[in-house]
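*Asks:* For reference, the file query_33.txt (compact mmCIF, N, CA and C atoms) is included below:
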# COMPACT_ATOMS: atom_id res chain seq x y z
N MET A 1 -9.79 3.47 6.12
CA MET A 1 -9.49 4.88 6.09
C MET A 1 -9.27 5.32 4.64
N SER A 2 -9.80 6.46 4.28
CA SER A 2 -9.69 6.99 2.93
C SER A 2 -9.23 8.44 2.99
N LYS A 3 -8.43 8.82 2.01
CA LYS A 3 -7.93 10.19 1.93
C LYS A 3 -7.86 10.59 0.46
N LYS A 4 -8.31 11.80 0.15
CA LYS A 4 -8.24 12.33 -1.22
C LYS A 4 -7.29 13.52 -1.25
N LEU A 5 -6.48 13.57 -2.30
CA LEU A 5 -5.50 14.65 -2.48
C LEU A 5 -5.51 15.12 -3.92
N LEU A 6 -5.15 16.38 -4.13
CA LEU A 6 -4.90 16.89 -5.48
C LEU A 6 -3.39 16.98 -5.67
N ILE A 7 -2.92 16.40 -6.75
CA ILE A 7 -1.49 16.38 -7.07
C ILE A 7 -1.32 17.15 -8.37
N GLU A 8 -0.42 18.14 -8.36
CA GLU A 8 -0.31 19.04 -9.51
C GLU A 8 0.92 18.84 -10.38
N SER A 9 1.82 17.91 -10.00
CA SER A 9 3.03 17.71 -10.81
C SER A 9 3.60 16.32 -10.55
N ASP A 10 4.49 15.90 -11.45
CA ASP A 10 5.17 14.62 -11.26
C ASP A 10 5.97 14.63 -9.96
N GLN A 11 6.61 15.75 -9.64
CA GLN A 11 7.41 15.83 -8.42
C GLN A 11 6.53 15.64 -7.18
N GLN A 12 5.34 16.23 -7.18
CA GLN A 12 4.42 16.03 -6.07
C GLN A 12 3.98 14.57 -5.98
N MET A 13 3.81 13.91 -7.12
CA MET A 13 3.43 12.49 -7.12
C MET A 13 4.55 11.65 -6.53
N ILE A 14 5.79 11.97 -6.87
CA ILE A 14 6.93 11.25 -6.31
C ILE A 14 7.00 11.48 -4.80
N GLU A 15 6.79 12.71 -4.37
CA GLU A 15 6.81 13.01 -2.93
C GLU A 15 5.70 12.24 -2.20
N LEU A 16 4.53 12.14 -2.82
CA LEU A 16 3.44 11.36 -2.23
C LEU A 16 3.87 9.90 -2.09
N GLY A 17 4.50 9.36 -3.12
CA GLY A 17 4.97 7.98 -3.07
C GLY A 17 5.96 7.76 -1.93
N LYS A 18 6.86 8.70 -1.74
CA LYS A 18 7.83 8.59 -0.64
C LYS A 18 7.13 8.57 0.71
N LYS A 19 6.12 9.41 0.87
CA LYS A 19 5.36 9.43 2.13
C LYS A 19 4.55 8.16 2.31
N LEU A 20 3.95 7.68 1.23
CA LEU A 20 3.17 6.45 1.32
C LEU A 20 4.04 5.27 1.74
N ALA A 21 5.27 5.23 1.24
CA ALA A 21 6.18 4.13 1.56
C ALA A 21 6.38 3.97 3.06
N LEU A 22 6.29 5.07 3.80
CA LEU A 22 6.45 5.01 5.25
C LEU A 22 5.30 4.25 5.92
N ASN A 23 4.19 4.10 5.23
CA ASN A 23 3.02 3.40 5.75
C ASN A 23 3.03 1.91 5.43
N PHE A 24 3.85 1.52 4.47
CA PHE A 24 3.82 0.15 3.99
C PHE A 24 4.76 -0.73 4.80
N GLN A 25 4.40 -2.01 4.84
CA GLN A 25 5.24 -3.00 5.51
C GLN A 25 5.29 -4.26 4.66
N ALA A 26 6.27 -5.10 4.92
CA ALA A 26 6.39 -6.35 4.18
C ALA A 26 5.06 -7.09 4.19
N GLY A 27 4.68 -7.59 3.04
CA GLY A 27 3.41 -8.30 2.90
C GLY A 27 2.29 -7.45 2.35
N ASP A 28 2.52 -6.14 2.23
CA ASP A 28 1.46 -5.27 1.71
C ASP A 28 1.32 -5.40 0.20
N LEU A 29 0.07 -5.41 -0.22
CA LEU A 29 -0.29 -5.39 -1.63
C LEU A 29 -0.91 -4.02 -1.90
N VAL A 30 -0.36 -3.32 -2.89
CA VAL A 30 -0.82 -1.97 -3.22
C VAL A 30 -1.33 -2.01 -4.66
N VAL A 31 -2.61 -1.75 -4.85
CA VAL A 31 -3.23 -1.78 -6.18
C VAL A 31 -3.38 -0.34 -6.65
N LEU A 32 -2.81 -0.05 -7.82
CA LEU A 32 -2.91 1.29 -8.42
C LEU A 32 -3.90 1.24 -9.57
N ASP A 33 -4.88 2.13 -9.53
CA ASP A 33 -5.94 2.15 -10.53
C ASP A 33 -5.99 3.54 -11.15
N GLY A 34 -6.00 3.61 -12.47
CA GLY A 34 -6.08 4.89 -13.16
C GLY A 34 -5.87 4.72 -14.65
N VAL A 35 -6.25 5.72 -15.40
CA VAL A 35 -6.13 5.67 -16.86
C VAL A 35 -4.66 5.73 -17.28
N VAL A 36 -4.42 5.47 -18.55
CA VAL A 36 -3.07 5.62 -19.11
C VAL A 36 -2.61 7.06 -18.87
N GLY A 37 -1.42 7.22 -18.35
CA GLY A 37 -0.87 8.55 -18.11
C GLY A 37 -1.32 9.19 -16.81
N ALA A 38 -2.00 8.43 -15.96
CA ALA A 38 -2.50 8.99 -14.71
C ALA A 38 -1.37 9.29 -13.72
N GLY A 39 -0.31 8.49 -13.76
CA GLY A 39 0.80 8.70 -12.84
C GLY A 39 1.12 7.50 -11.98
N LYS A 40 0.65 6.32 -12.39
CA LYS A 40 0.86 5.12 -11.59
C LYS A 40 2.35 4.78 -11.46
N THR A 41 3.08 4.81 -12.56
CA THR A 41 4.51 4.50 -12.51
C THR A 41 5.27 5.61 -11.78
N THR A 42 4.86 6.84 -11.95
CA THR A 42 5.51 7.95 -11.23
C THR A 42 5.32 7.79 -9.73
N LEU A 43 4.13 7.42 -9.30
CA LEU A 43 3.89 7.17 -7.89
C LEU A 43 4.78 6.02 -7.40
N THR A 44 4.90 4.98 -8.21
CA THR A 44 5.74 3.83 -7.84
C THR A 44 7.20 4.26 -7.71
N LYS A 45 7.65 5.18 -8.54
CA LYS A 45 9.03 5.70 -8.41
C LYS A 45 9.23 6.32 -7.03
N GLY A 46 8.25 7.07 -6.56
CA GLY A 46 8.34 7.68 -5.23
C GLY A 46 8.32 6.64 -4.13
N ILE A 47 7.48 5.62 -4.28
CA ILE A 47 7.44 4.54 -3.30
C ILE A 47 8.81 3.87 -3.22
N ALA A 48 9.41 3.64 -4.38
CA ALA A 48 10.74 3.01 -4.42
C ALA A 48 11.77 3.85 -3.68
N VAL A 49 11.77 5.14 -3.91
CA VAL A 49 12.70 6.03 -3.21
C VAL A 49 12.47 5.92 -1.71
N GLY A 50 11.22 5.93 -1.29
CA GLY A 50 10.89 5.83 0.13
C GLY A 50 11.32 4.51 0.75
N LEU A 51 11.48 3.48 -0.07
CA LEU A 51 11.92 2.17 0.41
C LEU A 51 13.43 2.01 0.35
N GLY A 52 14.12 3.05 -0.12
CA GLY A 52 15.58 2.96 -0.21
C GLY A 52 16.07 2.22 -1.44
N ILE A 53 15.26 2.17 -2.45
CA ILE A 53 15.64 1.49 -3.69
C ILE A 53 16.33 2.50 -4.60
N THR A 54 17.51 2.13 -5.08
CA THR A 54 18.30 3.06 -5.90
C THR A 54 18.21 2.74 -7.39
N GLU A 55 17.62 1.61 -7.75
CA GLU A 55 17.47 1.25 -9.15
C GLU A 55 16.49 2.20 -9.85
N VAL A 56 16.64 2.34 -11.15
CA VAL A 56 15.70 3.13 -11.94
C VAL A 56 14.40 2.34 -12.07
N ILE A 57 13.29 3.00 -11.82
CA ILE A 57 11.97 2.36 -11.92
C ILE A 57 11.34 2.77 -13.24
N THR A 58 11.00 1.77 -14.04
CA THR A 58 10.28 2.00 -15.28
C THR A 58 9.05 1.09 -15.28
N SER A 59 8.12 1.40 -16.15
CA SER A 59 6.91 0.60 -16.24
C SER A 59 7.26 -0.82 -16.68
N PRO A 60 6.74 -1.82 -15.97
CA PRO A 60 7.01 -3.21 -16.36
C PRO A 60 6.00 -3.74 -17.38
N THR A 61 5.46 -2.87 -18.22
CA THR A 61 4.40 -3.26 -19.15
C THR A 61 4.77 -4.50 -19.97
N PHE A 62 5.98 -4.55 -20.51
CA PHE A 62 6.33 -5.64 -21.41
C PHE A 62 6.95 -6.84 -20.70
N VAL A 63 7.50 -6.64 -19.51
CA VAL A 63 8.05 -7.77 -18.76
C VAL A 63 7.08 -8.23 -17.68
N ILE A 64 6.01 -7.52 -17.48
CA ILE A 64 4.92 -7.78 -16.54
C ILE A 64 5.32 -7.55 -15.09
N SER A 65 6.50 -8.03 -14.67
CA SER A 65 6.87 -7.93 -13.25
C SER A 65 8.38 -7.73 -13.10
N ARG A 66 8.75 -6.85 -12.16
CA ARG A 66 10.16 -6.63 -11.82
C ARG A 66 10.30 -6.62 -10.31
N VAL A 67 11.42 -7.14 -9.84
CA VAL A 67 11.74 -7.09 -8.42
C VAL A 67 12.88 -6.10 -8.25
N HIS A 68 12.68 -5.14 -7.35
CA HIS A 68 13.70 -4.13 -7.05
C HIS A 68 14.14 -4.32 -5.60
N SER A 69 15.42 -4.56 -5.40
CA SER A 69 15.95 -4.80 -4.06
C SER A 69 16.23 -3.50 -3.35
N SER A 70 15.85 -3.47 -2.09
CA SER A 70 16.09 -2.29 -1.27
C SER A 70 17.54 -2.25 -0.82
N ALA A 71 18.14 -1.07 -0.85
CA ALA A 71 19.51 -0.89 -0.38
C ALA A 71 19.53 -0.66 1.13
N SER A 72 18.36 -0.68 1.75
CA SER A 72 18.25 -0.46 3.19
C SER A 72 17.68 -1.72 3.83
N THR A 73 17.25 -1.60 5.06
CA THR A 73 16.64 -2.74 5.76
C THR A 73 15.15 -2.85 5.44
N LYS A 74 14.65 -1.98 4.59
CA LYS A 74 13.23 -2.01 4.23
C LYS A 74 12.97 -3.13 3.22
N PRO A 75 11.71 -3.51 3.06
CA PRO A 75 11.39 -4.61 2.14
C PRO A 75 11.70 -4.26 0.68
N ASP A 76 11.87 -5.30 -0.12
CA ASP A 76 12.02 -5.13 -1.55
C ASP A 76 10.69 -4.70 -2.16
N LEU A 77 10.74 -4.23 -3.39
CA LEU A 77 9.55 -3.81 -4.12
C LEU A 77 9.35 -4.74 -5.30
N VAL A 78 8.17 -5.34 -5.38
CA VAL A 78 7.78 -6.09 -6.56
C VAL A 78 6.81 -5.19 -7.32
N HIS A 79 7.17 -4.83 -8.54
CA HIS A 79 6.39 -3.89 -9.35
C HIS A 79 5.79 -4.67 -10.52
N VAL A 80 4.47 -4.71 -10.57
CA VAL A 80 3.75 -5.51 -11.56
C VAL A 80 2.86 -4.60 -12.40
N ASP A 81 2.78 -4.89 -13.69
CA ASP A 81 1.84 -4.22 -14.57
C ASP A 81 0.89 -5.28 -15.11
N ALA A 82 -0.34 -5.25 -14.65
CA ALA A 82 -1.33 -6.27 -15.02
C ALA A 82 -2.13 -5.89 -16.27
N TYR A 83 -1.75 -4.82 -16.95
CA TYR A 83 -2.51 -4.33 -18.10
C TYR A 83 -2.70 -5.41 -19.16
N ARG A 84 -1.67 -6.17 -19.44
CA ARG A 84 -1.73 -7.16 -20.51
C ARG A 84 -2.21 -8.53 -20.04
N LEU A 85 -2.50 -8.65 -18.76
CA LEU A 85 -2.99 -9.93 -18.26
C LEU A 85 -4.49 -10.05 -18.52
N GLY A 86 -4.89 -11.14 -19.12
CA GLY A 86 -6.28 -11.29 -19.49
C GLY A 86 -7.10 -12.09 -18.51
N ALA A 87 -6.43 -12.85 -17.64
CA ALA A 87 -7.18 -13.71 -16.73
C ALA A 87 -6.36 -13.97 -15.48
N ILE A 88 -7.04 -14.43 -14.45
CA ILE A 88 -6.39 -14.73 -13.18
C ILE A 88 -5.35 -15.84 -13.35
N THR A 89 -5.55 -16.74 -14.32
CA THR A 89 -4.58 -17.82 -14.55
C THR A 89 -3.24 -17.26 -15.02
N GLU A 90 -3.25 -16.18 -15.78
CA GLU A 90 -2.00 -15.54 -16.20
C GLU A 90 -1.30 -14.91 -15.01
N LEU A 91 -2.08 -14.38 -14.09
CA LEU A 91 -1.53 -13.81 -12.87
C LEU A 91 -0.86 -14.90 -12.03
N ASP A 92 -1.48 -16.06 -11.97
CA ASP A 92 -0.92 -17.18 -11.21
C ASP A 92 0.48 -17.55 -11.71
N SER A 93 0.71 -17.43 -13.00
CA SER A 93 2.02 -17.81 -13.56
C SER A 93 3.15 -16.88 -13.10
N LEU A 94 2.81 -15.71 -12.56
CA LEU A 94 3.83 -14.79 -12.05
C LEU A 94 4.37 -15.23 -10.70
N ASP A 95 3.66 -16.12 -10.01
CA ASP A 95 4.06 -16.64 -8.70
C ASP A 95 4.34 -15.53 -7.70
N LEU A 96 3.44 -14.56 -7.64
CA LEU A 96 3.60 -13.45 -6.71
C LEU A 96 3.51 -13.89 -5.26
N GLU A 97 2.83 -15.00 -5.02
CA GLU A 97 2.69 -15.49 -3.65
C GLU A 97 4.04 -15.78 -3.00
N SER A 98 5.04 -16.16 -3.81
CA SER A 98 6.34 -16.55 -3.25
C SER A 98 7.09 -15.36 -2.66
N SER A 99 6.81 -14.15 -3.12
CA SER A 99 7.51 -12.98 -2.60
C SER A 99 6.59 -12.06 -1.80
N LEU A 100 5.32 -12.36 -1.77
CA LEU A 100 4.34 -11.45 -1.18
C LEU A 100 4.60 -11.15 0.30
N ASP A 101 4.96 -12.15 1.07
CA ASP A 101 5.15 -11.94 2.52
C ASP A 101 6.35 -11.08 2.85
N ASP A 102 7.37 -11.11 2.00
CA ASP A 102 8.63 -10.42 2.30
C ASP A 102 8.79 -9.08 1.60
N SER A 103 7.91 -8.75 0.70
CA SER A 103 8.06 -7.57 -0.14
C SER A 103 6.83 -6.68 -0.06
N ILE A 104 6.94 -5.54 -0.67
CA ILE A 104 5.78 -4.69 -0.92
C ILE A 104 5.50 -4.87 -2.41
N THR A 105 4.30 -5.31 -2.72
CA THR A 105 3.93 -5.59 -4.10
C THR A 105 3.01 -4.49 -4.59
N VAL A 106 3.45 -3.76 -5.61
CA VAL A 106 2.67 -2.68 -6.22
C VAL A 106 2.22 -3.16 -7.59
N VAL A 107 0.91 -3.14 -7.81
CA VAL A 107 0.36 -3.64 -9.07
C VAL A 107 -0.40 -2.54 -9.78
N GLU A 108 0.11 -2.15 -10.94
CA GLU A 108 -0.61 -1.21 -11.80
C GLU A 108 -1.65 -2.00 -12.58
N TRP A 109 -2.82 -1.41 -12.79
CA TRP A 109 -3.90 -2.04 -13.55
C TRP A 109 -4.41 -3.31 -12.87
N GLY A 110 -4.28 -3.41 -11.56
CA GLY A 110 -4.65 -4.64 -10.88
C GLY A 110 -6.04 -4.67 -10.29
N ALA A 111 -6.75 -3.55 -10.31
CA ALA A 111 -8.09 -3.50 -9.69
C ALA A 111 -9.01 -4.54 -10.32
N GLY A 112 -9.67 -5.31 -9.47
CA GLY A 112 -10.59 -6.32 -9.93
C GLY A 112 -9.93 -7.62 -10.34
N LEU A 113 -8.60 -7.69 -10.27
CA LEU A 113 -7.89 -8.87 -10.71
C LEU A 113 -6.99 -9.45 -9.62
N ILE A 114 -6.41 -8.60 -8.83
CA ILE A 114 -5.32 -9.02 -7.96
C ILE A 114 -5.66 -9.07 -6.47
N GLU A 115 -6.75 -8.46 -6.08
CA GLU A 115 -7.07 -8.31 -4.67
C GLU A 115 -7.16 -9.64 -3.92
N GLY A 116 -7.45 -10.72 -4.61
CA GLY A 116 -7.59 -12.01 -3.96
C GLY A 116 -6.29 -12.59 -3.41
N LEU A 117 -5.16 -11.98 -3.73
CA LEU A 117 -3.89 -12.48 -3.22
C LEU A 117 -3.75 -12.31 -1.71
N THR A 118 -4.42 -11.32 -1.15
CA THR A 118 -4.35 -11.06 0.29
C THR A 118 -5.75 -10.79 0.83
N ALA A 119 -5.87 -10.88 2.14
CA ALA A 119 -7.17 -10.60 2.76
C ALA A 119 -7.53 -9.13 2.61
N GLU A 120 -6.51 -8.26 2.70
CA GLU A 120 -6.73 -6.82 2.56
C GLU A 120 -5.60 -6.21 1.74
N SER A 121 -5.91 -5.16 1.03
CA SER A 121 -4.89 -4.49 0.24
C SER A 121 -5.13 -2.98 0.27
N TRP A 122 -4.11 -2.26 -0.10
CA TRP A 122 -4.21 -0.82 -0.30
C TRP A 122 -4.76 -0.61 -1.70
N LEU A 123 -5.62 0.36 -1.87
CA LEU A 123 -6.11 0.74 -3.20
C LEU A 123 -5.86 2.23 -3.37
N ILE A 124 -5.17 2.56 -4.45
CA ILE A 124 -4.89 3.96 -4.75
C ILE A 124 -5.45 4.25 -6.14
N LYS A 125 -6.47 5.11 -6.16
CA LYS A 125 -7.13 5.49 -7.41
C LYS A 125 -6.58 6.84 -7.84
N ILE A 126 -6.13 6.91 -9.09
CA ILE A 126 -5.59 8.16 -9.61
C ILE A 126 -6.45 8.58 -10.80
N ALA A 127 -7.07 9.74 -10.69
CA ALA A 127 -7.94 10.25 -11.75
C ALA A 127 -7.26 11.45 -12.41
N ARG A 128 -7.31 11.48 -13.72
CA ARG A 128 -6.74 12.59 -14.49
C ARG A 128 -7.66 12.86 -15.67
N ASP A 129 -7.92 14.10 -15.93
CA ASP A 129 -8.75 14.48 -17.08
C ASP A 129 -7.87 14.45 -18.32
N VAL A 130 -7.82 13.29 -18.99
CA VAL A 130 -6.96 13.15 -20.16
C VAL A 130 -7.51 13.91 -21.37
N ILE A 131 -8.81 14.13 -21.43
CA ILE A 131 -9.39 14.87 -22.55
C ILE A 131 -8.90 16.32 -22.53
N ALA A 132 -8.88 16.92 -21.34
CA ALA A 132 -8.38 18.29 -21.20
C ALA A 132 -6.86 18.33 -21.08
N ASP A 133 -6.21 17.14 -21.08
CA ASP A 133 -4.76 17.03 -20.94
C ASP A 133 -4.27 17.75 -19.68
N SER A 134 -5.02 17.60 -18.62
CA SER A 134 -4.69 18.26 -17.36
C SER A 134 -3.56 17.54 -16.64
N GLU A 135 -2.68 18.28 -16.01
CA GLU A 135 -1.62 17.70 -15.20
C GLU A 135 -2.10 17.43 -13.77
N ILE A 136 -3.24 17.96 -13.40
CA ILE A 136 -3.75 17.78 -12.04
C ILE A 136 -4.38 16.40 -11.92
N ARG A 137 -3.99 15.71 -10.86
CA ARG A 137 -4.54 14.39 -10.57
C ARG A 137 -5.26 14.42 -9.24
N GLU A 138 -6.36 13.71 -9.17
CA GLU A 138 -7.02 13.49 -7.89
C GLU A 138 -6.65 12.07 -7.46
N VAL A 139 -6.04 11.98 -6.30
CA VAL A 139 -5.58 10.69 -5.79
C VAL A 139 -6.41 10.33 -4.57
N GLU A 140 -7.03 9.17 -4.61
CA GLU A 140 -7.76 8.67 -3.46
C GLU A 140 -7.03 7.44 -2.93
N ILE A 141 -6.69 7.47 -1.66
CA ILE A 141 -5.95 6.40 -1.03
C ILE A 141 -6.89 5.68 -0.06
N LEU A 142 -7.07 4.40 -0.25
CA LEU A 142 -7.90 3.59 0.63
C LEU A 142 -6.99 2.58 1.32
N ALA A 143 -6.78 2.78 2.61
CA ALA A 143 -5.93 1.89 3.40
C ALA A 143 -6.72 0.68 3.85
N PRO A 144 -6.04 -0.44 4.11
CA PRO A 144 -6.74 -1.59 4.68
C PRO A 144 -7.42 -1.19 6.00
N LEU A 145 -8.45 -1.89 6.35
CA LEU A 145 -9.26 -1.53 7.52
C LEU A 145 -8.46 -1.46 8.82
N ASN A 146 -7.50 -2.32 8.99
CA ASN A 146 -6.77 -2.38 10.24
C ASN A 146 -5.51 -1.50 10.27
N ARG A 147 -5.39 -0.60 9.30
CA ARG A 147 -4.17 0.20 9.18
C ARG A 147 -4.51 1.69 9.16
N SER A 148 -3.58 2.48 9.68
CA SER A 148 -3.75 3.93 9.61
C SER A 148 -2.91 4.46 8.45
N LEU A 149 -3.23 5.67 8.05
CA LEU A 149 -2.53 6.33 6.95
C LEU A 149 -1.96 7.63 7.47
N VAL A 150 -0.64 7.77 7.35
CA VAL A 150 0.02 9.00 7.79
C VAL A 150 0.70 9.62 6.58
N LEU A 151 0.36 10.87 6.29
CA LEU A 151 0.99 11.57 5.16
C LEU A 151 1.66 12.83 5.62
Translate this file's structure into structure tokens.
*Replies:*
Amino acid sequence: MSKKLLIESDQQMIELGKKLALNFQAGDLVVLDGVVGAGKTTLTKGIAVGLGITEVITSPTFVISRVHSSASTKPDLVHVDAYRLGAITELDSLDLESSLDDSITVVEWGAGLIEGLTAESWLIKIARDVIADSEIREVEILAPLNRSLVL
């Protein structure tokens, strides 16, 4: 299932993340694809809120991976930034497999690198016209084949 949306502000991106979180379950891998400044971390902030996470969400660019514990009965969030990873062997060193079944794993910059961790994953493509410095984003959500998407 695929759905395209236009998002006009950071607040709308956060609201989208909150709605998306209702679709996710433990074991889900969510790959975020988009240019620098597209809104990947902002979307992740909304997903965290939807999961009942009260910690501040920041880009894990320099630490590569952060685990955020849910304050509710919902799964924890593993937030990964694969931008600086050059090869699948570097990804292996993160040991994402150990938390994958119990958490929701969101990977920024993971397209083409991370999908092999699970049989199916969510793919969220965020497009932004950075040349025109537009705040409008086109978000395409591709759900795994066996899952529905409710927004």
*Asks:* From a DSSP calculation on the backbone, collect every residue of segment 2-142 of chain A in helix (DSSP H, G or I) and output the set as a ChimeraX atom specification.
*Replies:* /A:10-21,40-50,88-92,97-100,115-117
*Asks:* Taking every listed atom of segment 23-37 of chain A and adding 5 Å to each side, what centre and edge lengths in Å (one decimal) does the axis-aligned box have, as AutoDock Vina command-line options?
*Replies:*
--center_x 0.1 --center_y 0.4 --center_z -6.7 --size_x 22.6 --size_y 27.5 --size_z 34.9
*Asks:* Counting only N, CA and C atoms, which residue out of A:Ser2, A:Thr118, A:Ser148, A:Thr44 sits closest to Lys18 of chain A?
*Replies:*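 Nearest to Lys18 of chain A: A:Thr44.
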*Asks:* Distance cut-off 6.5 Å, centre (5.8, -3.1, 4.2) in file coordinates, counting all atoms listed in the file: which residues qualify? Return them as a PDB file with N, CA and C atoms, keeping the file's coordinate frame.
*Replies:*
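The file below, result_36.pdb, is the result:
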ATOM      1  N   ASN A  23       4.190   4.100   5.230  1.00  0.00           N
ATOM      2  CA  ASN A  23       3.020   3.400   5.750  1.00  0.00           C
ATOM      3  C   ASN A  23       3.030   1.910   5.430  1.00  0.00           C
ATOM      4  N   PHE A  24       3.850   1.520   4.470  1.00  0.00           N
ATOM      5  CA  PHE A  24       3.820   0.150   3.990  1.00  0.00           C
ATOM      6  C   PHE A  24       4.760  -0.730   4.800  1.00  0.00           C
ATOM      7  N   GLN A  25       4.400  -2.010   4.840  1.00  0.00           N
ATOM      8  CA  GLN A  25       5.240  -3.000   5.510  1.00  0.00           C
ATOM      9  C   GLN A  25       5.290  -4.260   4.660  1.00  0.00           C
ATOM     10  N   ALA A  26       6.270  -5.100   4.920  1.00  0.00           N
ATOM     11  CA  ALA A  26       6.390  -6.350   4.180  1.00  0.00           C
ATOM     12  C   ALA A  26       5.060  -7.090   4.190  1.00  0.00           C
ATOM     13  N   GLY A  27       4.680  -7.590   3.040  1.00  0.00           N
ATOM     14  CA  GLY A  27       3.410  -8.300   2.900  1.00  0.00           C
ATOM     15  C   GLY A  27       2.290  -7.450   2.350  1.00  0.00           C
ATOM     16  N   ASP A  28       2.520  -6.140   2.230  1.00  0.00           N
ATOM     17  CA  ASP A  28       1.460  -5.270   1.710  1.00  0.00           C
ATOM     18  C   ASP A  28       1.320  -5.400   0.200  1.00  0.00           C
ATOM     19  N   PRO A  75      11.710  -3.510   3.060  1.00  0.00           N
ATOM     20  CA  PRO A  75      11.390  -4.610   2.140  1.00  0.00           C
ATOM     21  C   PRO A  75      11.700  -4.260   0.680  1.00  0.00           C
ATOM     22  N   SER A 103       7.910  -8.750   0.700  1.00  0.00           N
ATOM     23  CA  SER A 103       8.060  -7.570  -0.140  1.00  0.00           C
ATOM     24  C   SER A 103       6.830  -6.680  -0.060  1.00  0.00           C
ATOM     25  N   ILE A 104       6.940  -5.540  -0.670  1.00  0.00           N
ATOM     26  CA  ILE A 104       5.780  -4.690  -0.920  1.00  0.00           C
ATOM     27  C   ILE A 104       5.500  -4.870  -2.410  1.00  0.00           C
TER      28      ILE A 104
END
*Asks:* Given only C-alpha atoms as the basis, pick out the residue of A:Leu5, A:Leu77, A:Ala38, A:Ala71 nearest to Ile57 of chain A.
*Replies:*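 Among the listed residues, A:Leu77 lies closest to Ile57 of chain A.
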*Asks:* Out of A:Ala111, A:Met1, A:Leu6, A:Val67, which residue has the shortest atom-to-atom distance to Gly34 of chain A when counting all atoms listed in the file?
*Replies:*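 Checking each candidate against Gly34 of chain A, we get A:Ala111 as the closest.
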*Asks:* Could you list, as a ChimeraX atom specification, every residue within 10 Å of Trp122 of chain A, counting only C-alpha atoms and ignoring same-chain residues fewer than 5 positions away?
*Replies:* /A:24,28-32,106,115,141-145,147
*Asks:* Please, could you write that set of residues out with N, CA and C atoms as a CSV table (one decimal), keeping the file's coordinate frame?
*Replies:*
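Contents of result05.csv, freshly written:
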chain,number,residue,atom,x,y,z
A,24,PHE,N,3.8,1.5,4.5
A,24,PHE,CA,3.8,0.2,4.0
A,24,PHE,C,4.8,-0.7,4.8
A,28,ASP,N,2.5,-6.1,2.2
A,28,ASP,CA,1.5,-5.3,1.7
A,28,ASP,C,1.3,-5.4,0.2
A,29,LEU,N,0.1,-5.4,-0.2
A,29,LEU,CA,-0.3,-5.4,-1.6
A,29,LEU,C,-0.9,-4.0,-1.9
A,30,VAL,N,-0.4,-3.3,-2.9
A,30,VAL,CA,-0.8,-2.0,-3.2
A,30,VAL,C,-1.3,-2.0,-4.7
A,31,VAL,N,-2.6,-1.8,-4.8
A,31,VAL,CA,-3.2,-1.8,-6.2
A,31,VAL,C,-3.4,-0.3,-6.6
A,32,LEU,N,-2.8,0.0,-7.8
A,32,LEU,CA,-2.9,1.3,-8.4
A,32,LEU,C,-3.9,1.2,-9.6
A,106,VAL,N,3.4,-3.8,-5.6
A,106,VAL,CA,2.7,-2.7,-6.2
A,106,VAL,C,2.2,-3.2,-7.6
A,115,GLU,N,-6.8,-8.5,-6.1
A,115,GLU,CA,-7.1,-8.3,-4.7
A,115,GLU,C,-7.2,-9.6,-3.9
A,141,ILE,N,-6.7,7.5,-1.7
A,141,ILE,CA,-6.0,6.4,-1.0
A,141,ILE,C,-6.9,5.7,-0.1
A,142,LEU,N,-7.1,4.4,-0.2
A,142,LEU,CA,-7.9,3.6,0.6
A,142,LEU,C,-7.0,2.6,1.3
A,143,ALA,N,-6.8,2.8,2.6
A,143,ALA,CA,-5.9,1.9,3.4
A,143,ALA,C,-6.7,0.7,3.8
A,144,PRO,N,-6.0,-0.4,4.1
A,144,PRO,CA,-6.7,-1.6,4.7
A,144,PRO,C,-7.4,-1.2,6.0
A,145,LEU,N,-8.4,-1.9,6.4
A,145,LEU,CA,-9.3,-1.5,7.5
A,145,LEU,C,-8.5,-1.5,8.8
A,147,ARG,N,-5.4,-0.6,9.3
A,147,ARG,CA,-4.2,0.2,9.2
A,147,ARG,C,-4.5,1.7,9.2
*Asks:* Would you mind writing down, as a ChimeraX atom specification, each residue of chain A that DSSP on the backbone assigns to strand (DSSP E)?
*Replies:* /A:2-7,29-34,65-68,76-81,103-108,122-128,137-142
